[in-house]
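Taking it in order: structure first as structure tokens, then the write-up.
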Amino acid sequence: MTGKATSEASACGPEDTASKTTKVPTTEPSGEVAALEPADEEQAPEPQEPASQAPAPAGPAATKPAPPSEDVPSAPLLLTLEDVSNSSVTVSWEPPEQLGRLGLQGYVLELCREGASEWVPVNDRPMMVTQQTMRNLALGDKFFLRVAAVSSAGAGPPAMLDQLVHIREIIEAPKIRVPRHLRQTYIRQVGETINLQIPFQGKPKPQASWTHDSHTLDSQRVSVHTGDQDSILFIRSAQRSDSGLYELTVQLEGLEAKAAIDILVIEKPGPPGRIKLLDVWGCNAALEWTAPQDTGNTELLGYTVQKADKKTGQWFTVLERYHPTTCTISDLIVGNSYSFRVFSENLCGLSASAAVTKELAHIQKADIAAKPKGFIERDFSEAPSFTQPLANHTSTPGYSTQLFCSVRASPKPKIIWMKNKMNIQGDPKYRALSEQGVCSLEIRKPSPFDSGVYTCKAVNVLGEASVDCRLEVKASATH
């Protein structure tokens with residue numbers, strides 16, 4: 001034998017010894033191997049095995065004398081049970097030490113059912129394999145196995161499996177797969193439906209049971225339906241008493257798996273306790289209240305504070321999700337009277353009612369008396385004085401020219417223009433203007449005759465002042 005081969009055959013009972021068709025050698029290991037039961041635990045009578053007696057061949061060979069020991073092979077070595085499933089058995093062995101003088105023709109595998117004494121061959125002829133799989137076995141079958149090496153002289157002594165083979169359903173350890181949304185606290189409101197579907201695994205079908213805070217479930221309120229692959233917990237109308245830790249236990253032949261689900265049933269909180277208007281000053285009001293007696297079976301998210309003035313009666317929110325139980329309301333309007341109310345808030349929302357102040361907060365006008373200071377009127381009167389004098393000017397005949405100066409005086413002074421000490425007021429050749437203390441004199445199309453000394457004189461009740469300049473009108477040169 002240069003290697004190990006495998007073969008598959010169907011099991012034969014004591015009554016059925018028909019030949020079976022051999023298949024291509026294969027090995028199909030299963031995911032889990034059922035536990036084996038030793039023969040002594042089953043307390044089954046072990047079949048009698050005559051010493052050095054080969055399996056009884058069919059026909060006349062049974063009456064022939066036993067061949068010499070050197071002609072038959074010795075017993076196979078290391079007969080091992082490789083795999084047991086719910087319908088098949090795989091065994092393997094090693095070739096014998098002595099193959100016999102006539103050579104090895106193959107191996108014969110036999111079984112003897114529990115309680116019987118007859119060994120039945122699994123294959124009707126020797127096969128040159130050292131591993132064999134028996135298929136199509138029935139659940140509950142119990143039997144012994146042995147294998148013998150065969151030569152042309154006959155079968156050698158068999159090697160027997162020292163344990164009883166038991167065909168039973170493969171046990172798959174139970175497992176519970178908790179959905180992701182149930183791995184944290186599962187929150188529902190009072191009156192809502194609770195419907196939990198928890199998948200599990202296990203083979204054969206495990207036994208599932210539920211507990212609530214380590215106590216059995218109240219069948220009047222909670223219904224449970226368990227199938228082959230899941231268990232459903234159903235509560236039609238949740239109440240706060242349904243809150244707690246629900247534990248699912250799946251058991252299978254001494255093995256078990258557990259999963260815990262925390263359920264919290266909540267409702268809206270009650271209103272805050274006594275509310276009091278502590279103080280009112282300026283445009284501010286201070287409030288104080290106590291926490292509600294019923295928080296709705298969950299923690300509060302805070303308080304909502306609202307105000308309403310007596311004139312309109314409309315409520316406006318001032319603070320939301322405010323955690324302290326004291327607050328100061330500012331920016332109240334002078335002359336108005338205000339009421340205040342406070343709501344509690346949790347995951348379900350605001351409380352159905354609010355705590356309202358009994359007294360009004362009156363925002364009164366402050367008593368402020370104006371105290372005007374004595375006003376001393378200042379005298380801005382002054383005599384005329386020129387801040388910008390006239391400047392000497394040269395002009396061309398036929399082109400209008402202007403003279404400028406600025407004066408400061410209070411009251412407003414009278415402006416008098418003169419040419420060579422002669423008053424020129426009213427002369428259409430000249431146009432005099434005075435605006436914001438700026439005095440100007442326009443000389444229309446001057447001629448050399450208009451050359452001379454021009455004077456601007458400012459006069460008021462406090463005095464007078466004057467400035468002058470020289471205007472020269474040069475005739476154009478002729479060629």
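How things are named: the first chain in the structure tokens is A, the next is B, and so on; residues count from 1 in each chain; ligands count from 1 in the order shown.
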
Counting only C-alpha atoms, what is within 12 Å of Leu255 (chain A), bar same-chain residues fewer than 2 positions away, as a list of chain:residue names?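 Here the qualifying residues turn out to be A:Ile171, A:Glu172, A:Ala173, A:Pro174, A:Lys175, A:Gly202, A:Lys203, A:Pro204, A:Pro206, A:Gln207, A:Ala208, A:Thr249, A:Val250, A:Gln251, A:Leu252, A:Glu253, A:Ala257, A:Lys258.
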
Atoms to include: N, CA, C and O atoms. Write the selected residues as a PDB file, in the first residue's frame.
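Result file is part31.pdb:
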```pdb
ATOM      1  N   ILE A 171     -25.633  17.820  17.675  1.00  0.00           N
ATOM      2  CA  ILE A 171     -26.028  18.907  18.581  1.00  0.00           C
ATOM      3  C   ILE A 171     -25.285  20.182  18.187  1.00  0.00           C
ATOM      4  O   ILE A 171     -24.055  20.199  18.129  1.00  0.00           O
ATOM      5  N   GLU A 172     -26.055  21.230  17.883  1.00  0.00           N
ATOM      6  CA  GLU A 172     -25.493  22.556  17.611  1.00  0.00           C
ATOM      7  C   GLU A 172     -25.738  23.438  18.825  1.00  0.00           C
ATOM      8  O   GLU A 172     -26.885  23.643  19.235  1.00  0.00           O
ATOM      9  N   ALA A 173     -24.661  23.923  19.422  1.00  0.00           N
ATOM     10  CA  ALA A 173     -24.786  24.716  20.651  1.00  0.00           C
ATOM     11  C   ALA A 173     -25.708  25.916  20.432  1.00  0.00           C
ATOM     12  O   ALA A 173     -25.649  26.568  19.390  1.00  0.00           O
ATOM     13  N   PRO A 174     -26.579  26.205  21.385  1.00  0.00           N
ATOM     14  CA  PRO A 174     -27.515  27.323  21.210  1.00  0.00           C
ATOM     15  C   PRO A 174     -26.802  28.678  21.231  1.00  0.00           C
ATOM     16  O   PRO A 174     -25.851  28.878  21.989  1.00  0.00           O
ATOM     17  N   LYS A 175     -27.273  29.565  20.359  1.00  0.00           N
ATOM     18  CA  LYS A 175     -26.767  30.939  20.301  1.00  0.00           C
ATOM     19  C   LYS A 175     -27.943  31.889  20.126  1.00  0.00           C
ATOM     20  O   LYS A 175     -28.915  31.559  19.444  1.00  0.00           O
ATOM     21  N   GLY A 202     -29.714  26.679  17.198  1.00  0.00           N
ATOM     22  CA  GLY A 202     -29.561  25.491  18.022  1.00  0.00           C
ATOM     23  C   GLY A 202     -30.154  24.292  17.313  1.00  0.00           C
ATOM     24  O   GLY A 202     -31.187  24.403  16.645  1.00  0.00           O
ATOM     25  N   LYS A 203     -29.513  23.144  17.450  1.00  0.00           N
ATOM     26  CA  LYS A 203     -30.002  21.942  16.810  1.00  0.00           C
ATOM     27  C   LYS A 203     -29.704  20.749  17.712  1.00  0.00           C
ATOM     28  O   LYS A 203     -28.556  20.586  18.158  1.00  0.00           O
ATOM     29  N   PRO A 204     -30.725  19.955  18.010  1.00  0.00           N
ATOM     30  CA  PRO A 204     -32.147  20.118  17.654  1.00  0.00           C
ATOM     31  C   PRO A 204     -32.773  21.345  18.307  1.00  0.00           C
ATOM     32  O   PRO A 204     -32.081  22.092  18.989  1.00  0.00           O
ATOM     33  N   PRO A 206     -33.984  24.016  20.520  1.00  0.00           N
ATOM     34  CA  PRO A 206     -33.783  24.206  21.963  1.00  0.00           C
ATOM     35  C   PRO A 206     -35.063  24.677  22.650  1.00  0.00           C
ATOM     36  O   PRO A 206     -36.031  25.074  22.006  1.00  0.00           O
ATOM     37  N   GLN A 207     -35.040  24.651  23.948  1.00  0.00           N
ATOM     38  CA  GLN A 207     -36.140  25.145  24.760  1.00  0.00           C
ATOM     39  C   GLN A 207     -35.847  26.597  25.153  1.00  0.00           C
ATOM     40  O   GLN A 207     -34.764  26.904  25.643  1.00  0.00           O
ATOM     41  N   ALA A 208     -36.829  27.486  24.913  1.00  0.00           N
ATOM     42  CA  ALA A 208     -36.654  28.915  25.205  1.00  0.00           C
ATOM     43  C   ALA A 208     -37.594  29.327  26.333  1.00  0.00           C
ATOM     44  O   ALA A 208     -38.747  28.874  26.397  1.00  0.00           O
ATOM     45  N   THR A 249     -33.611  32.795  27.870  1.00  0.00           N
ATOM     46  CA  THR A 249     -32.697  31.668  28.079  1.00  0.00           C
ATOM     47  C   THR A 249     -33.039  30.575  27.085  1.00  0.00           C
ATOM     48  O   THR A 249     -34.203  30.160  26.979  1.00  0.00           O
ATOM     49  N   VAL A 250     -32.044  30.110  26.334  1.00  0.00           N
ATOM     50  CA  VAL A 250     -32.210  29.023  25.367  1.00  0.00           C
ATOM     51  C   VAL A 250     -31.357  27.856  25.843  1.00  0.00           C
ATOM     52  O   VAL A 250     -30.141  27.995  26.001  1.00  0.00           O
ATOM     53  N   GLN A 251     -32.002  26.689  26.083  1.00  0.00           N
ATOM     54  CA  GLN A 251     -31.326  25.521  26.640  1.00  0.00           C
ATOM     55  C   GLN A 251     -31.412  24.351  25.670  1.00  0.00           C
ATOM     56  O   GLN A 251     -32.434  24.153  25.005  1.00  0.00           O
ATOM     57  N   LEU A 252     -30.320  23.559  25.622  1.00  0.00           N
ATOM     58  CA  LEU A 252     -30.265  22.385  24.759  1.00  0.00           C
ATOM     59  C   LEU A 252     -29.285  21.383  25.347  1.00  0.00           C
ATOM     60  O   LEU A 252     -28.064  21.608  25.328  1.00  0.00           O
ATOM     61  N   GLU A 253     -29.809  20.306  25.948  1.00  0.00           N
ATOM     62  CA  GLU A 253     -29.014  19.204  26.481  1.00  0.00           C
ATOM     63  C   GLU A 253     -27.837  19.676  27.319  1.00  0.00           C
ATOM     64  O   GLU A 253     -26.676  19.378  27.028  1.00  0.00           O
ATOM     65  N   ALA A 257     -27.788  29.425  26.420  1.00  0.00           N
ATOM     66  CA  ALA A 257     -27.357  30.781  26.051  1.00  0.00           C
ATOM     67  C   ALA A 257     -28.386  31.752  26.612  1.00  0.00           C
ATOM     68  O   ALA A 257     -29.588  31.445  26.667  1.00  0.00           O
ATOM     69  N   LYS A 258     -27.916  32.920  27.031  1.00  0.00           N
ATOM     70  CA  LYS A 258     -28.790  33.920  27.633  1.00  0.00           C
ATOM     71  C   LYS A 258     -28.579  35.272  26.965  1.00  0.00           C
ATOM     72  O   LYS A 258     -27.477  35.594  26.516  1.00  0.00           O
TER      73      LYS A 258
END
```

Do a neighbour search on Ser237 (chain A) at 10 Å with only C-alpha atoms, toss out local chain neighbours closer than 6 positions, and write the hits as a list in words.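 The filter keeps Gln189, Val190, Gly191, Glu192, Thr193, Ile194, Arg221 and Val222 of chain A.
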
If you keep N, CA, C and O atoms, can you produce a file of those selected residues as a short mmCIF file (atom, residue, chain, number, x, y, z; two decimals), in the first residue's frame?
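Written file, part.cif:
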```cif
data_model
loop_
_atom_site.label_atom_id
_atom_site.label_comp_id
_atom_site.auth_asym_id
_atom_site.auth_seq_id
_atom_site.Cartn_x
_atom_site.Cartn_y
_atom_site.Cartn_z
N GLN A 189 -43.36 54.32 24.96
CA GLN A 189 -44.26 55.16 25.73
C GLN A 189 -45.45 54.34 26.22
O GLN A 189 -45.80 53.30 25.64
N VAL A 190 -46.05 54.81 27.29
CA VAL A 190 -47.21 54.13 27.86
C VAL A 190 -48.30 54.02 26.78
O VAL A 190 -48.62 54.99 26.09
N GLY A 191 -48.86 52.82 26.65
CA GLY A 191 -49.92 52.58 25.67
C GLY A 191 -49.42 52.04 24.35
O GLY A 191 -50.21 51.52 23.56
N GLU A 192 -48.13 52.12 24.08
CA GLU A 192 -47.59 51.60 22.83
C GLU A 192 -47.41 50.08 22.91
O GLU A 192 -47.39 49.49 23.98
N THR A 193 -47.26 49.47 21.73
CA THR A 193 -47.08 48.02 21.65
C THR A 193 -45.60 47.67 21.75
O THR A 193 -44.75 48.35 21.17
N ILE A 194 -45.31 46.60 22.48
CA ILE A 194 -43.95 46.06 22.55
C ILE A 194 -43.97 44.72 21.83
O ILE A 194 -44.71 43.80 22.19
N ARG A 221 -50.51 39.72 30.87
CA ARG A 221 -50.05 40.92 30.17
C ARG A 221 -49.07 40.61 29.05
O ARG A 221 -49.00 41.33 28.06
N VAL A 222 -48.30 39.56 29.20
CA VAL A 222 -47.23 39.27 28.24
C VAL A 222 -47.50 37.92 27.58
O VAL A 222 -47.82 36.95 28.26
#
```

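Among the candidates A:Asn284, A:Thr455, A:Gln314, A:Thr357, the one nearest to Thr328 (chain A) when counting only C-alpha atoms is A:Asn284.
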
Residues near Pro271 (chain A), cut-off 10 Å, only C-alpha atoms, skip fewer than 4 positions along chain, as an mmCIF file with C-alpha atoms, in the first residue's frame:
```cif
data_model
loop_
_atom_site.group_PDB
_atom_site.id
_atom_site.type_symbol
_atom_site.label_atom_id
_atom_site.label_comp_id
_atom_site.auth_asym_id
_atom_site.auth_seq_id
_atom_site.Cartn_x
_atom_site.Cartn_y
_atom_site.Cartn_z
ATOM 1 C CA THR A 290 -39.694 72.788 42.930
ATOM 2 C CA ALA A 291 -39.098 69.642 40.868
ATOM 3 C CA PRO A 292 -42.134 67.543 39.853
ATOM 4 C CA GLN A 293 -43.078 64.553 41.972
ATOM 5 C CA ASP A 294 -43.483 62.350 38.869
ATOM 6 C CA THR A 295 -40.761 62.530 36.224
ATOM 7 C CA TYR A 303 -37.900 73.105 32.214
ATOM 8 C CA VAL A 342 -43.139 76.548 34.070
ATOM 9 C CA PHE A 343 -43.463 73.158 32.281
ATOM 10 C CA SER A 344 -41.447 69.974 32.944
ATOM 11 C CA GLU A 345 -39.968 68.143 29.939
ATOM 12 C CA LEU A 350 -43.765 68.804 27.942
ATOM 13 C CA SER A 351 -45.928 68.085 30.953
ATOM 14 C CA ALA A 352 -49.676 68.234 30.345
ATOM 15 C CA SER A 353 -50.039 71.199 32.727
ATOM 16 C CA ALA A 354 -47.786 73.899 34.122
ATOM 17 C CA ALA A 355 -47.111 75.606 37.441
ATOM 18 C CA VAL A 356 -48.398 79.234 37.215
#
```

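With only C-alpha atoms as the atoms that count, the minimum distance from Ala138 (chain A) to the choices A:Leu77, A:Asp309, A:Ile167, A:Ile176 is reached by A:Ile167.
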
Do you know which residues are at most 7 Å from Gly156 (chain A) counting only C-alpha atoms, after dropping those on the same chain fewer than 6 positions away, and could you put them as a VMD selection string? chain A and resid 54 72 to 75 148 to 150

Using only C-alpha atoms, determine which residues lie at most 12 Å from Thr312 (chain A), disregarding the query and same-chain residues fewer than 2 positions distant; provide the list as a ChimeraX atom specification. /A:307-310,314-316,336-339

Since we have the selection now, will you write its residues out, keeping N, CA and C atoms, as a PDB file, in the first residue's frame?
```
ATOM      1  N   LYS A 307     -43.761  83.540  29.713  1.00  0.00           N
ATOM      2  CA  LYS A 307     -44.305  84.759  30.317  1.00  0.00           C
ATOM      3  C   LYS A 307     -45.495  85.229  29.488  1.00  0.00           C
ATOM      4  N   ALA A 308     -46.398  85.981  30.148  1.00  0.00           N
ATOM      5  CA  ALA A 308     -47.551  86.572  29.457  1.00  0.00           C
ATOM      6  C   ALA A 308     -47.888  87.891  30.144  1.00  0.00           C
ATOM      7  N   ASP A 309     -48.061  88.969  29.345  1.00  0.00           N
ATOM      8  CA  ASP A 309     -48.438  90.247  29.961  1.00  0.00           C
ATOM      9  C   ASP A 309     -49.955  90.296  30.102  1.00  0.00           C
ATOM     10  N   LYS A 310     -50.399  91.073  31.080  1.00  0.00           N
ATOM     11  CA  LYS A 310     -51.821  91.122  31.434  1.00  0.00           C
ATOM     12  C   LYS A 310     -52.672  91.690  30.302  1.00  0.00           C
ATOM     13  N   GLN A 314     -51.090  86.605  25.933  1.00  0.00           N
ATOM     14  CA  GLN A 314     -50.394  85.636  25.090  1.00  0.00           C
ATOM     15  C   GLN A 314     -49.108  85.178  25.767  1.00  0.00           C
ATOM     16  N   TRP A 315     -48.856  83.854  25.666  1.00  0.00           N
ATOM     17  CA  TRP A 315     -47.682  83.272  26.314  1.00  0.00           C
ATOM     18  C   TRP A 315     -46.513  83.213  25.336  1.00  0.00           C
ATOM     19  N   PHE A 316     -45.344  83.601  25.835  1.00  0.00           N
ATOM     20  CA  PHE A 316     -44.117  83.567  25.044  1.00  0.00           C
ATOM     21  C   PHE A 316     -43.053  82.806  25.825  1.00  0.00           C
ATOM     22  N   ASN A 336     -46.074  97.245  32.294  1.00  0.00           N
ATOM     23  CA  ASN A 336     -46.853  96.013  32.113  1.00  0.00           C
ATOM     24  C   ASN A 336     -46.834  95.169  33.378  1.00  0.00           C
ATOM     25  N   SER A 337     -47.812  94.264  33.470  1.00  0.00           N
ATOM     26  CA  SER A 337     -47.873  93.297  34.565  1.00  0.00           C
ATOM     27  C   SER A 337     -47.800  91.905  33.947  1.00  0.00           C
ATOM     28  N   TYR A 338     -46.976  91.015  34.530  1.00  0.00           N
ATOM     29  CA  TYR A 338     -46.686  89.728  33.918  1.00  0.00           C
ATOM     30  C   TYR A 338     -47.058  88.563  34.825  1.00  0.00           C
ATOM     31  N   SER A 339     -47.508  87.465  34.168  1.00  0.00           N
ATOM     32  CA  SER A 339     -47.655  86.153  34.807  1.00  0.00           C
ATOM     33  C   SER A 339     -46.590  85.238  34.222  1.00  0.00           C
TER      34      SER A 339
END
```

When you look at Ser223 (chain A) with a cut-off of 9 Å (counting only C-alpha atoms), what residues show up, excluding the ones that are within fewer than 4 positions of it in the same chain? I need them as a compact mmCIF listing (two decimals) with all heavy atoms, in the first residue's frame.
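What ended up in selection.txt:
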```
# COMPACT_ATOMS: atom_id res chain seq x y z
N LEU A 217 -42.94 35.45 33.72
CA LEU A 217 -43.75 36.49 33.09
C LEU A 217 -45.20 36.39 33.54
O LEU A 217 -45.71 35.30 33.84
CB LEU A 217 -43.67 36.36 31.57
CG LEU A 217 -42.28 36.51 30.94
CD1 LEU A 217 -42.39 36.35 29.42
CD2 LEU A 217 -41.69 37.87 31.26
N ASP A 218 -45.87 37.54 33.55
CA ASP A 218 -47.29 37.60 33.83
C ASP A 218 -48.04 37.27 32.54
O ASP A 218 -48.09 38.07 31.60
CB ASP A 218 -47.67 39.00 34.33
CG ASP A 218 -49.14 39.11 34.68
OD1 ASP A 218 -49.86 38.09 34.60
OD2 ASP A 218 -49.59 40.23 35.05
N SER A 219 -48.62 36.08 32.49
CA SER A 219 -49.28 35.64 31.26
C SER A 219 -50.50 36.49 30.92
O SER A 219 -50.98 36.46 29.78
CB SER A 219 -49.69 34.17 31.40
OG SER A 219 -50.57 34.00 32.51
N ILE A 232 -40.70 35.35 20.21
CA ILE A 232 -41.36 36.66 20.13
C ILE A 232 -42.02 36.96 21.47
O ILE A 232 -42.82 36.15 21.98
CB ILE A 232 -42.39 36.69 19.00
CG1 ILE A 232 -41.72 36.42 17.65
CG2 ILE A 232 -43.12 38.02 18.97
CD1 ILE A 232 -42.68 36.31 16.49
N LEU A 233 -41.70 38.13 22.03
CA LEU A 233 -42.34 38.62 23.25
C LEU A 233 -43.25 39.78 22.86
O LEU A 233 -42.79 40.74 22.22
CB LEU A 233 -41.29 39.05 24.28
CG LEU A 233 -41.82 39.53 25.62
CD1 LEU A 233 -40.89 39.07 26.75
CD2 LEU A 233 -41.93 41.05 25.68
N PHE A 234 -44.52 39.71 23.26
CA PHE A 234 -45.51 40.69 22.81
C PHE A 234 -46.30 41.24 23.99
O PHE A 234 -46.79 40.47 24.83
CB PHE A 234 -46.47 40.03 21.80
CG PHE A 234 -47.53 40.96 21.28
CD1 PHE A 234 -47.23 41.88 20.30
CD2 PHE A 234 -48.82 40.91 21.78
CE1 PHE A 234 -48.20 42.75 19.82
CE2 PHE A 234 -49.80 41.77 21.31
CZ PHE A 234 -49.49 42.69 20.32
N ILE A 235 -46.37 42.58 24.06
CA ILE A 235 -47.20 43.28 25.05
C ILE A 235 -48.08 44.25 24.27
O ILE A 235 -47.57 45.15 23.60
CB ILE A 235 -46.35 44.03 26.09
CG1 ILE A 235 -45.40 43.06 26.82
CG2 ILE A 235 -47.23 44.75 27.09
CD1 ILE A 235 -44.46 43.73 27.79
N ARG A 236 -49.39 44.08 24.34
CA ARG A 236 -50.30 44.86 23.52
C ARG A 236 -50.29 46.34 23.91
O ARG A 236 -50.24 47.23 23.06
CB ARG A 236 -51.72 44.29 23.61
CG ARG A 236 -52.72 44.99 22.69
CD ARG A 236 -54.04 44.27 22.69
NE ARG A 236 -53.89 42.88 22.28
CZ ARG A 236 -53.85 42.49 21.01
NH1 ARG A 236 -53.94 43.39 20.04
NH2 ARG A 236 -53.71 41.22 20.71
```

All strand (DSSP E or B) positions in region 239-379 of chain A, as a ChimeraX atom specification: /A:244-252,255-266,275-281,284-289,302-309,315-322,326-329,337-346,349-350,355-356,361-362

Choose the residue, out of A:Gly282, A:Arg188, A:Ala260, A:Lys414, that has the smallest atom-to-atom separation from Ser209 (chain A); count only C-alpha atoms. A:Ala260

Any idea what's packed within 9 Å of region 460-473 of chain A, counting only C-alpha atoms, ignoring anything in its chain fewer than 2 positions away? Could you give it as a PyMOL selection string? chain A and resi 381-386+389-397+403+405+407+409-414+418+446-458+475

Please tabulate, as a Markdown table, the residues of region 106-210 of chain A that come within 6 Å of region 81-95 of chain A, each with its closest pair of atoms and the distance in Å to one decimal, counting only C-alpha atoms and ordering rows by chain, then residue number upward.
```
| residue | atom | partner | partner_atom | distance |
| --- | --- | --- | --- | --- |
| A:Thr130 | CA | A:Trp93 | CA | 5.4 |
| A:Gln131 | CA | A:Ser92 | CA | 4.1 |
| A:Gln132 | CA | A:Val91 | CA | 5.7 |
| A:Thr133 | CA | A:Thr90 | CA | 4.2 |
| A:Met134 | CA | A:Val89 | CA | 5.2 |
| A:Arg135 | CA | A:Ser88 | CA | 4.3 |
| A:Asn136 | CA | A:Ser87 | CA | 5.4 |
| A:Leu137 | CA | A:Ser87 | CA | 4.6 |
| A:Ile167 | CA | A:Asn86 | CA | 5.6 |
| A:Arg168 | CA | A:Asn86 | CA | 5.1 |
| A:Glu169 | CA | A:Asn86 | CA | 4.7 |
| A:Ile170 | CA | A:Asn86 | CA | 6.0 |
```

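Counting only C-alpha atoms and comparing A:Lys421, A:His166, A:Lys365, A:Lys358, the residue that lies closest to Leu278 (chain A) is A:Lys358.
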
Taking only C-alpha atoms into account, name the residue in A:Glu288, A:Glu70, A:Asp242, A:Asp379 that is nearest to Leu264 (chain A). A:Asp242

note - CA of Val265 (chain A) and CA of Ile187 (chain A) are separated by 5.9 Å

CA of Leu79 (chain A) and CA of Gly115 (chain A), how far apart in Å?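 According to the coordinates, CA of Gly115 (chain A) and CA of Leu79 (chain A) are separated by 22.1 Å.
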